[in-house]
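Source file run-v4.tsv; content: TSV, C-alpha atoms.
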```
chain	number	residue	atom	x	y	z
A	1	MET	CA	83.29	-203.19	101.43
A	2	LYS	CA	86.62	-201.73	102.53
A	3	ARG	CA	87.87	-201.72	98.94
A	4	ALA	CA	84.71	-199.93	97.78
A	5	PHE	CA	85.16	-197.33	100.55
A	6	LEU	CA	88.81	-196.76	99.66
A	7	SER	CA	87.97	-196.41	95.97
A	8	LEU	CA	85.79	-193.35	96.72
A	9	PRO	CA	87.39	-190.17	95.41
A	10	GLY	CA	89.06	-187.53	97.54
A	11	PRO	CA	90.84	-187.49	100.90
A	12	MET	CA	89.56	-189.47	103.89
A	13	PRO	CA	87.05	-186.85	105.23
A	14	VAL	CA	85.49	-186.58	101.76
A	15	LYS	CA	85.30	-190.36	101.49
A	16	VAL	CA	83.50	-190.52	104.85
A	17	ILE	CA	80.97	-187.87	103.82
A	18	LEU	CA	80.38	-189.54	100.45
A	19	ALA	CA	79.91	-192.92	102.11
A	20	ALA	CA	77.40	-191.44	104.55
A	21	VAL	CA	75.43	-189.83	101.71
A	22	ILE	CA	75.41	-193.07	99.75
A	23	VAL	CA	74.18	-195.03	102.79
A	24	VAL	CA	71.37	-192.53	103.48
A	25	VAL	CA	70.25	-192.53	99.82
A	26	ALA	CA	70.36	-196.34	99.75
A	27	VAL	CA	68.27	-196.63	102.94
A	28	VAL	CA	65.68	-194.13	101.66
A	29	ALA	CA	65.48	-195.99	98.33
A	30	LEU	CA	65.15	-199.31	100.16
A	31	PHE	CA	62.34	-197.95	102.37
A	32	PHE	CA	60.61	-196.61	99.26
A	33	ILE	CA	60.76	-200.05	97.64
A	34	TYR	CA	59.59	-201.73	100.86
A	35	ASP	CA	56.73	-199.26	101.13
A	36	TRP	CA	55.64	-199.90	97.56
A	37	MET	CA	55.83	-203.67	98.04
A	38	GLY	CA	53.92	-203.53	101.32
A	39	SER	CA	51.19	-201.25	100.00
A	40	ASN	CA	50.63	-203.38	96.92
A	41	LEU	CA	51.21	-206.92	98.12
A	42	LEU	CA	50.88	-207.21	101.89
A	43	ASP	CA	48.30	-204.69	103.09
A	44	THR	CA	46.72	-202.13	100.80
A	45	GLY	CA	44.85	-200.43	103.62
A	46	GLY	CA	41.56	-202.23	103.06
A	47	GLY	CA	40.06	-199.90	100.49
A	48	ILE	CA	37.25	-201.10	98.26
A	49	GLY	CA	37.12	-200.73	94.49
B	1	MET	CA	121.80	-209.74	97.01
B	2	SER	CA	119.44	-212.16	95.30
B	3	ASP	CA	119.20	-212.19	91.54
B	4	VAL	CA	115.51	-213.26	91.69
B	5	SER	CA	113.06	-210.35	91.34
B	6	GLU	CA	110.56	-209.61	94.11
B	7	GLU	CA	107.61	-210.17	91.78
B	8	ALA	CA	108.74	-213.67	90.94
B	9	VAL	CA	109.04	-214.57	94.61
B	10	VAL	CA	105.52	-213.35	95.35
B	11	LEU	CA	104.12	-215.40	92.50
B	12	GLU	CA	105.86	-218.46	93.74
B	13	VAL	CA	104.78	-218.08	97.36
B	14	TYR	CA	101.15	-217.03	96.72
B	15	PRO	CA	99.97	-218.86	93.61
B	16	LEU	CA	96.55	-217.61	92.53
B	17	PRO	CA	93.89	-220.29	93.11
B	18	LYS	CA	91.94	-221.29	90.04
B	19	ARG	CA	88.24	-221.71	90.82
B	20	SER	CA	86.19	-224.14	88.83
B	21	PRO	CA	82.95	-222.94	87.19
B	22	ALA	CA	81.00	-225.00	89.72
B	23	THR	CA	82.73	-223.27	92.64
B	24	ARG	CA	82.09	-219.87	91.10
B	25	ALA	CA	78.42	-220.74	90.61
B	26	VAL	CA	78.07	-221.90	94.21
B	27	ARG	CA	79.69	-218.69	95.47
B	28	PHE	CA	77.47	-216.58	93.21
B	29	PHE	CA	74.23	-218.24	94.32
B	30	GLY	CA	75.39	-218.20	97.94
B	31	TRP	CA	75.81	-214.43	97.87
B	32	LEU	CA	72.59	-214.03	95.87
B	33	PHE	CA	70.49	-215.99	98.37
B	34	LEU	CA	72.15	-214.19	101.26
B	35	GLY	CA	71.29	-210.86	99.65
B	36	VAL	CA	67.69	-211.86	98.92
B	37	GLY	CA	67.32	-213.19	102.46
B	38	LEU	CA	68.59	-209.94	103.99
B	39	PHE	CA	66.32	-207.94	101.65
B	40	LEU	CA	63.25	-209.95	102.70
B	41	LEU	CA	64.22	-209.79	106.37
B	42	GLY	CA	64.49	-206.04	106.03
B	43	PHE	CA	61.10	-205.97	104.30
B	44	VAL	CA	59.40	-207.84	107.13
B	45	GLY	CA	61.10	-205.65	109.73
B	46	HIS	CA	60.13	-202.50	107.87
B	47	GLN	CA	56.50	-203.52	107.45
B	48	LEU	CA	55.95	-204.78	110.98
B	49	PHE	CA	57.99	-202.34	113.02
B	50	VAL	CA	59.06	-199.27	111.05
B	51	THR	CA	55.64	-198.51	109.54
B	52	THR	CA	53.98	-199.10	112.90
B	53	TRP	CA	56.42	-196.80	114.67
B	54	PHE	CA	55.75	-194.02	112.16
B	55	ALA	CA	51.97	-194.56	112.31
B	56	GLN	CA	51.96	-194.42	116.12
B	57	GLN	CA	53.99	-191.20	116.08
B	58	ASN	CA	51.59	-189.73	113.51
B	59	ASN	CA	48.56	-190.96	115.40
B	60	THR	CA	49.56	-189.07	118.53
B	61	GLU	CA	49.85	-185.86	116.52
B	62	LEU	CA	46.67	-186.55	114.55
B	63	ALA	CA	44.65	-187.19	117.70
B	64	ALA	CA	45.57	-183.68	118.85
B	65	GLU	CA	44.76	-182.36	115.38
B	66	ALA	CA	41.34	-184.04	115.44
B	67	THR	CA	40.56	-182.64	118.89
B	68	SER	CA	41.46	-179.18	117.66
B	69	TYR	CA	39.33	-179.74	114.54
B	70	PHE	CA	36.30	-180.54	116.71
B	71	GLU	CA	36.35	-176.96	117.95
B	72	THR	CA	36.78	-175.28	114.58
B	73	ALA	CA	34.64	-177.44	112.27
B	74	GLU	CA	31.50	-175.82	110.93
B	75	THR	CA	28.31	-177.55	111.97
B	76	THR	CA	24.79	-176.82	110.78
B	77	VAL	CA	21.36	-177.86	111.98
B	78	VAL	CA	19.20	-178.99	109.07
B	79	GLU	CA	15.75	-180.45	108.63
B	80	TYR	CA	15.80	-184.22	108.30
B	81	ILE	CA	13.44	-185.71	105.75
B	82	GLU	CA	13.19	-189.45	106.12
B	83	PRO	CA	13.74	-191.32	102.85
B	84	GLY	CA	10.39	-192.43	101.42
B	85	THR	CA	8.47	-189.43	102.75
B	86	PRO	CA	5.98	-188.29	100.08
B	87	ALA	CA	6.88	-184.94	98.58
B	88	LEU	CA	3.25	-183.82	98.44
B	89	VAL	CA	1.20	-183.74	101.63
B	90	ASP	CA	-2.46	-183.12	102.18
B	91	PRO	CA	-2.83	-179.37	102.90
B	92	ALA	CA	-5.84	-180.11	105.07
B	93	GLU	CA	-3.65	-182.05	107.56
B	94	PRO	CA	-1.48	-180.15	110.01
B	95	ALA	CA	2.15	-180.24	108.99
B	96	PRO	CA	4.26	-182.32	111.39
B	97	SER	CA	6.98	-180.43	113.20
B	98	PRO	CA	10.20	-180.94	111.27
B	99	ALA	CA	12.85	-183.14	112.82
B	100	THR	CA	16.35	-181.74	112.71
B	101	ILE	CA	19.83	-183.22	112.69
B	102	THR	CA	23.26	-181.65	113.01
B	103	ILE	CA	25.60	-182.05	110.08
B	104	GLU	CA	29.20	-180.98	109.54
B	105	GLU	CA	31.09	-179.90	106.46
B	106	ALA	CA	33.24	-182.53	104.78
B	107	PRO	CA	36.80	-182.04	106.06
B	108	PRO	CA	39.63	-181.30	103.62
B	109	ALA	CA	41.62	-184.28	102.29
B	110	GLY	CA	44.13	-185.60	104.79
B	111	GLN	CA	42.54	-183.79	107.75
B	112	ALA	CA	42.21	-185.77	110.97
B	113	PHE	CA	38.55	-185.22	111.81
B	114	ALA	CA	37.38	-188.17	113.92
B	115	ILE	CA	38.51	-190.64	116.55
B	116	ILE	CA	37.30	-194.24	116.47
B	117	ARG	CA	37.12	-196.32	119.65
B	118	ILE	CA	36.22	-199.98	119.99
B	119	PRO	CA	36.19	-201.03	123.67
B	120	THR	CA	36.43	-204.76	122.89
B	121	ILE	CA	39.63	-204.36	120.84
B	122	ASP	CA	42.78	-203.58	122.83
B	123	ARG	CA	44.40	-201.59	120.05
B	124	LEU	CA	41.37	-199.35	119.65
B	125	LYS	CA	40.31	-199.01	123.29
B	126	ASP	CA	41.95	-195.62	123.63
B	127	GLY	CA	40.99	-194.48	120.14
B	128	TRP	CA	42.64	-194.11	116.76
B	129	SER	CA	42.43	-190.99	114.63
B	130	VAL	CA	40.63	-191.08	111.29
B	131	VAL	CA	41.72	-188.86	108.41
B	132	GLU	CA	39.71	-187.81	105.38
B	133	GLY	CA	40.67	-189.92	102.35
B	134	VAL	CA	41.77	-193.45	101.57
B	135	THR	CA	44.79	-192.83	99.37
B	136	ARG	CA	48.03	-194.63	100.17
B	137	THR	CA	49.31	-191.48	101.88
B	138	ASP	CA	46.12	-191.03	103.92
B	139	LEU	CA	46.18	-194.62	105.12
B	140	ARG	CA	49.79	-194.37	106.26
B	141	ASN	CA	48.26	-193.00	109.42
B	142	GLY	CA	46.19	-196.12	109.91
B	143	ALA	CA	42.56	-195.33	109.13
B	144	GLY	CA	40.80	-193.14	106.58
B	145	HIS	CA	37.25	-192.12	105.75
B	146	MET	CA	36.16	-192.83	102.19
B	147	PRO	CA	35.22	-189.52	100.51
B	148	LEU	CA	31.75	-189.27	98.97
B	149	THR	CA	30.32	-191.44	101.73
B	150	PRO	CA	28.56	-189.68	104.64
B	151	LEU	CA	30.57	-188.69	107.67
B	152	PRO	CA	30.04	-190.79	110.80
B	153	GLY	CA	26.84	-189.80	112.59
B	154	GLN	CA	25.14	-188.72	109.38
B	155	PRO	CA	22.36	-190.57	107.53
B	156	GLY	CA	23.60	-193.19	105.06
B	157	ASN	CA	26.63	-195.45	105.03
B	158	ALA	CA	29.86	-193.97	106.38
B	159	VAL	CA	32.86	-196.02	105.28
B	160	ILE	CA	36.19	-196.16	107.14
B	161	SER	CA	39.11	-198.23	105.83
B	162	GLY	CA	42.18	-199.21	107.80
B	163	HIS	CA	45.36	-201.27	107.71
B	164	ARG	CA	45.27	-204.81	109.07
B	165	THR	CA	48.95	-205.65	109.51
B	166	THR	CA	51.06	-202.56	108.81
B	167	TYR	CA	51.05	-198.83	109.68
B	168	GLY	CA	49.91	-199.40	113.23
B	169	ALA	CA	47.39	-202.00	112.05
B	170	PRO	CA	44.39	-200.36	113.75
B	171	PHE	CA	42.03	-202.96	112.28
B	172	HIS	CA	44.24	-205.97	113.09
B	173	GLU	CA	41.64	-207.58	115.36
B	174	LEU	CA	38.53	-206.53	113.47
B	175	ASP	CA	37.65	-210.21	112.96
B	176	GLN	CA	37.02	-210.50	116.71
B	177	LEU	CA	33.97	-208.23	116.55
B	178	VAL	CA	30.66	-209.99	117.00
B	179	PRO	CA	27.10	-208.69	116.56
B	180	GLY	CA	26.24	-206.37	119.43
B	181	ASP	CA	29.77	-205.06	120.02
B	182	LEU	CA	29.91	-201.29	120.24
B	183	ILE	CA	31.93	-198.91	118.08
B	184	GLU	CA	32.20	-195.26	119.06
B	185	VAL	CA	33.18	-192.55	116.62
B	186	GLU	CA	33.77	-189.04	117.93
B	187	THR	CA	33.37	-186.17	115.48
B	188	ALA	CA	32.83	-182.42	115.66
B	189	ILE	CA	29.15	-182.90	116.42
B	190	GLY	CA	29.61	-185.42	119.22
B	191	ALA	CA	30.12	-189.10	119.96
B	192	HIS	CA	28.19	-191.56	117.81
B	193	THR	CA	27.73	-195.12	119.03
B	194	TYR	CA	27.20	-197.96	116.57
B	195	ALA	CA	26.34	-201.59	117.25
B	196	VAL	CA	27.93	-204.27	115.08
B	197	ARG	CA	25.30	-206.11	113.04
B	198	GLU	CA	27.25	-208.28	110.60
B	199	SER	CA	30.72	-209.15	109.28
B	200	VAL	CA	31.37	-210.44	105.77
B	201	ILE	CA	34.39	-211.34	103.67
B	202	VAL	CA	34.30	-210.13	100.09
B	203	ARG	CA	36.53	-209.52	97.09
B	204	PRO	CA	38.18	-206.06	96.94
B	205	THR	CA	36.03	-205.13	93.95
B	206	GLU	CA	32.63	-205.72	95.58
B	207	LEU	CA	31.31	-202.17	95.65
B	208	TRP	CA	27.92	-203.06	97.11
B	209	VAL	CA	29.43	-202.94	100.60
B	210	ILE	CA	29.95	-199.17	100.36
B	211	GLN	CA	26.60	-198.35	98.81
B	212	ASP	CA	24.20	-196.08	100.64
B	213	ARG	CA	21.80	-197.63	103.16
B	214	PRO	CA	18.61	-196.43	104.82
B	215	GLY	CA	19.21	-195.25	108.38
B	216	ALA	CA	22.74	-194.50	109.59
B	217	TRP	CA	25.48	-197.10	109.23
B	218	LEU	CA	29.19	-197.39	109.72
B	219	THR	CA	31.10	-199.78	107.47
B	220	LEU	CA	34.66	-200.73	108.42
B	221	THR	CA	36.81	-202.30	105.71
B	222	THR	CA	40.24	-203.91	105.99
B	223	CYS	CA	42.42	-206.48	104.25
B	224	HIS	CA	41.78	-210.20	104.72
B	225	PRO	CA	43.33	-212.58	105.59
B	226	LYS	CA	46.07	-211.04	107.72
B	227	PHE	CA	49.29	-210.41	105.75
B	228	SER	CA	47.40	-210.52	102.45
B	229	SER	CA	45.35	-208.09	100.38
B	230	ARG	CA	43.49	-210.85	98.53
B	231	GLN	CA	40.10	-210.19	100.18
B	232	ARG	CA	38.38	-207.63	102.38
B	233	LEU	CA	36.85	-208.06	105.82
B	234	ILE	CA	33.79	-205.86	106.16
B	235	VAL	CA	32.03	-204.97	109.41
B	236	PHE	CA	28.60	-203.35	109.24
B	237	ALA	CA	27.45	-201.43	112.31
B	238	GLU	CA	24.24	-199.48	112.85
B	239	LEU	CA	23.91	-196.17	114.68
B	240	ILE	CA	22.18	-196.63	118.03
B	241	ASP	CA	23.14	-193.55	120.00
B	242	GLY	CA	24.46	-190.06	119.43
B	243	PRO	CA	23.35	-186.50	118.60
B	244	ASN	CA	21.42	-187.60	115.50
B	245	ALA	CA	20.46	-191.15	116.47
B	246	ARG	CA	16.97	-190.43	117.81
B	247	VAL	CA	15.92	-188.59	114.64
B	248	ILE	CA	17.52	-190.92	112.09
B	249	VAL	CA	16.95	-194.28	113.74
B	250	GLY	CA	13.77	-193.42	115.62
```
Structure encoded using structure tokens:
Amino acid sequence: MKRAFLSLPGPMPVKVILAAVIVVVAVVALFFIYDWMGSNLLDTGGGIG
Amino acid sequence: MSDVSEEAVVLEVYPLPKRSPATRAVRFFGWLFLGVGLFLLGFVGHQLFVTTWFAQQNNTELAAEATSYFETAETTVVEYIEPGTPALVDPAEPAPSPATITIEEAPPAGQAFAIIRIPTIDRLKDGWSVVEGVTRTDLRNGAGHMPLTPLPGQPGNAVISGHRTTYGAPFHELDQLVPGDLIEVETAIGAHTYAVRESVIVRPTELWVIQDRPGAWLTLTTCHPKFSSRQRLIVFAELIDGPNARVIVG
């Protein structure tokens, strides 16, 4: 994890900003996948047809 | 000064370990299972807590939106002709005075237009807002009215679908309803009270449950069993009280 952080381009402030952006994008993508899985497998909302 | 280079010393002191293929495989599968486990743990947490938190936040806003909609929705008083009434009447007989009911325009998609309350279910005691539509986005708020079915309080079969385990799970305890339990739905034209008549479990493709019915009915649909979308739990309730009840039900 530390190595991946240090391998980000730019000086330290840029690395921090890039890491934050990557984390946010990853969390949003993960929630999107979870949402899709939940809506299709766990609980579709009870619709008929 | 030593004549041995620094690199050589490092290699001698820290020899690189050679991992066998079996060790590498164990490490690989260890990390893989750990990753899958964390992913699934996150999934469960997201479905049970995150979606519910969002739905509850939305529900508070939607309840206010529905209350505001009650004041602005267009309602009309129309003549009610009971199904089965002959179109031609004897001109010699005096025409009966026409019965009237109040109807409201279908709300736009996604609009919170009703509040459902079920006194015997803790989660629905204080009411849950109902939006127009049953798309995935509509149902993120918990409960949605199926378009092309009558609105609650109108003649026919009004259908409301809701989540059972996620997004606030408004219909989590729908299986606890028994015949005679009351369901109240508040709309722009007033509060309509239904009495539960029957619950059935069907496949998701059984369209007969949403077909029109004589009188005024409310059909609640949700996933069954809990934590699965394999089947649907259906609750049929009949209108017994409300602005239109006396005319429609008699």
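With distances restricted to all atoms listed in the file, B:Arg164 is the closest residue to chain A from B:Arg164, B:His145, B:His192, B:Arg123.
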Given all atoms listed in the file, how would the per-residue table for chain A near chain B read, listing every residue at most 8 Å away with its closest atom pair and distance in Å to one decimal, sorted by chain and number, as a Markdown table?
```
| residue | atom | partner | partner_atom | distance |
| --- | --- | --- | --- | --- |
| A:Phe31 | CA | B:His46 | CA | 7.5 |
| A:Tyr34 | CA | B:Phe43 | CA | 5.7 |
| A:Asp35 | CA | B:Gln47 | CA | 7.6 |
| A:Gly38 | CA | B:Gln47 | CA | 6.7 |
| A:Ser39 | CA | B:Arg136 | CA | 7.3 |
| A:Asn40 | CA | B:Ser229 | CA | 7.9 |
| A:Leu41 | CA | B:Ser229 | CA | 6.4 |
| A:Leu42 | CA | B:Ser228 | CA | 4.8 |
| A:Asp43 | CA | B:Ser229 | CA | 5.3 |
| A:Thr44 | CA | B:Ser229 | CA | 6.1 |
| A:Gly45 | CA | B:His163 | CA | 4.2 |
| A:Gly46 | CA | B:Thr222 | CA | 3.6 |
| A:Gly47 | CA | B:Ser161 | CA | 5.7 |
| A:Ile48 | CA | B:Pro204 | CA | 5.2 |
| A:Gly49 | CA | B:Thr205 | CA | 4.6 |
```
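Between B:Val131 and the candidates B:Thr75, B:Asn59, B:Thr193, B:Ser68, the tightest atom-to-atom separation, counting all atoms listed in the file, involves B:Asn59.
One distance worth recording is that between atom CA of B:Leu148 and atom CA of B:Ala109, which is 11.5 Å.
The two atoms in question, atom CA of A:Lys2 and atom CA of B:Val36, are spaced 21.8 Å apart.
Distance-wise, atom CA of B:Phe70 and atom CA of B:Arg213 end up 26.2 Å apart.
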Around all the atoms of stretch 29-39 of chain B listed in the file, draw an axis-aligned box and extend it by 8 Å on each of the six sides; I want its centre and edge lengths in Å to one decimal, as lines of an AutoDock Vina configuration file.
```
center_x = 71.1
center_y = -213.1
center_z = 99.2
size_x = 25.5
size_y = 26.3
size_z = 25.7
```
Would you kindly return, as a PDB file with C-alpha atoms, keeping the file's coordinate frame, each protein, DNA or RNA residue with an atom no farther than 12 Å from any atom of B:Leu124, considering only C-alpha atoms and excluding same-chain residues fewer than 3 positions away?
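Resulting contents of out-v7.pdb:
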```pdb
ATOM      1  CA  ASN B  59      48.560-190.960 115.400  1.00  0.00           C
ATOM      2  CA  ILE B 115      38.510-190.640 116.550  1.00  0.00           C
ATOM      3  CA  ILE B 116      37.300-194.240 116.470  1.00  0.00           C
ATOM      4  CA  ARG B 117      37.120-196.320 119.650  1.00  0.00           C
ATOM      5  CA  ILE B 118      36.220-199.980 119.990  1.00  0.00           C
ATOM      6  CA  PRO B 119      36.190-201.030 123.670  1.00  0.00           C
ATOM      7  CA  THR B 120      36.430-204.760 122.890  1.00  0.00           C
ATOM      8  CA  ILE B 121      39.630-204.360 120.840  1.00  0.00           C
ATOM      9  CA  GLY B 127      40.990-194.480 120.140  1.00  0.00           C
ATOM     10  CA  TRP B 128      42.640-194.110 116.760  1.00  0.00           C
ATOM     11  CA  SER B 129      42.430-190.990 114.630  1.00  0.00           C
ATOM     12  CA  VAL B 130      40.630-191.080 111.290  1.00  0.00           C
ATOM     13  CA  GLY B 142      46.190-196.120 109.910  1.00  0.00           C
ATOM     14  CA  ALA B 143      42.560-195.330 109.130  1.00  0.00           C
ATOM     15  CA  GLY B 162      42.180-199.210 107.800  1.00  0.00           C
ATOM     16  CA  GLY B 168      49.910-199.400 113.230  1.00  0.00           C
ATOM     17  CA  ALA B 169      47.390-202.000 112.050  1.00  0.00           C
ATOM     18  CA  PRO B 170      44.390-200.360 113.750  1.00  0.00           C
ATOM     19  CA  PHE B 171      42.030-202.960 112.280  1.00  0.00           C
ATOM     20  CA  HIS B 172      44.240-205.970 113.090  1.00  0.00           C
ATOM     21  CA  GLU B 173      41.640-207.580 115.360  1.00  0.00           C
ATOM     22  CA  LEU B 174      38.530-206.530 113.470  1.00  0.00           C
ATOM     23  CA  LEU B 177      33.970-208.230 116.550  1.00  0.00           C
ATOM     24  CA  LEU B 182      29.910-201.290 120.240  1.00  0.00           C
ATOM     25  CA  ILE B 183      31.930-198.910 118.080  1.00  0.00           C
ATOM     26  CA  GLU B 184      32.200-195.260 119.060  1.00  0.00           C
ATOM     27  CA  VAL B 185      33.180-192.550 116.620  1.00  0.00           C
TER      28      VAL B 185
END
```
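Nearest residue to B:Leu151, choosing from B:Glu105, B:Gly190, B:Val249, B:Gly180 and counting all atoms listed in the file: B:Glu105.
Among the candidate residues B:Thr219, B:Gln176, B:Gln111, B:Asn244, the one lying nearest to B:Val77 is B:Asn244, with distances computed using all atoms listed in the file.
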I want to know what sits within 10 Å of B:Pro243, based on all atoms listed in the file, with residues of the same chain fewer than 2 positions away left out; could you give that as number ranges by chain?
B: 101-103, 153-154, 189-193, 241, 245-248
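Using only C-alpha atoms for every distance, the candidate list B:Ala237, B:Ile201, B:Leu38, B:Ala55 yields B:Ala55 as the residue closest to B:Thr137.
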Output file: stretch 98-109 of chain B, N, CA and C atoms, as an mmCIF file, in the first residue's frame:
```
data_model
loop_
_atom_site.group_PDB
_atom_site.id
_atom_site.type_symbol
_atom_site.label_atom_id
_atom_site.label_comp_id
_atom_site.auth_asym_id
_atom_site.auth_seq_id
_atom_site.Cartn_x
_atom_site.Cartn_y
_atom_site.Cartn_z
ATOM 1 N N PRO B 98 -77.129 9.928 -9.806
ATOM 2 C CA PRO B 98 -75.801 9.358 -10.018
ATOM 3 C C PRO B 98 -74.931 9.455 -8.766
ATOM 4 N N ALA B 99 -74.225 8.361 -8.500
ATOM 5 C CA ALA B 99 -73.270 8.372 -7.395
ATOM 6 C C ALA B 99 -71.969 8.983 -7.906
ATOM 7 N N THR B 100 -71.285 9.680 -7.036
ATOM 8 C CA THR B 100 -70.036 10.318 -7.479
ATOM 9 C C THR B 100 -68.868 9.892 -6.594
ATOM 10 N N ILE B 101 -67.700 9.888 -7.197
ATOM 11 C CA ILE B 101 -66.468 9.636 -6.440
ATOM 12 C C ILE B 101 -65.464 10.724 -6.792
ATOM 13 N N THR B 102 -64.478 10.884 -5.942
ATOM 14 C CA THR B 102 -63.422 11.868 -6.212
ATOM 15 C C THR B 102 -62.201 11.121 -6.751
ATOM 16 N N ILE B 103 -61.702 11.602 -7.850
ATOM 17 C CA ILE B 103 -60.486 10.979 -8.404
ATOM 18 C C ILE B 103 -59.379 12.034 -8.473
ATOM 19 N N GLU B 104 -58.145 11.572 -8.606
ATOM 20 C CA GLU B 104 -57.019 12.496 -8.755
ATOM 21 C C GLU B 104 -56.196 12.102 -9.975
ATOM 22 N N GLU B 105 -55.545 13.085 -10.533
ATOM 23 C CA GLU B 105 -54.687 12.835 -11.698
ATOM 24 C C GLU B 105 -53.523 11.930 -11.288
ATOM 25 N N ALA B 106 -53.072 11.097 -12.245
ATOM 26 C CA ALA B 106 -51.903 10.273 -11.957
ATOM 27 C C ALA B 106 -50.686 11.185 -11.747
ATOM 28 N N PRO B 107 -49.951 10.977 -10.674
ATOM 29 C CA PRO B 107 -48.794 11.851 -10.427
ATOM 30 C C PRO B 107 -47.662 11.568 -11.420
ATOM 31 N N PRO B 108 -46.771 12.532 -11.626
ATOM 32 C CA PRO B 108 -45.630 12.275 -12.514
ATOM 33 C C PRO B 108 -44.698 11.214 -11.926
ATOM 34 N N ALA B 109 -43.943 10.559 -12.797
ATOM 35 C CA ALA B 109 -43.035 9.484 -12.346
ATOM 36 C C ALA B 109 -42.057 10.015 -11.297
#
```
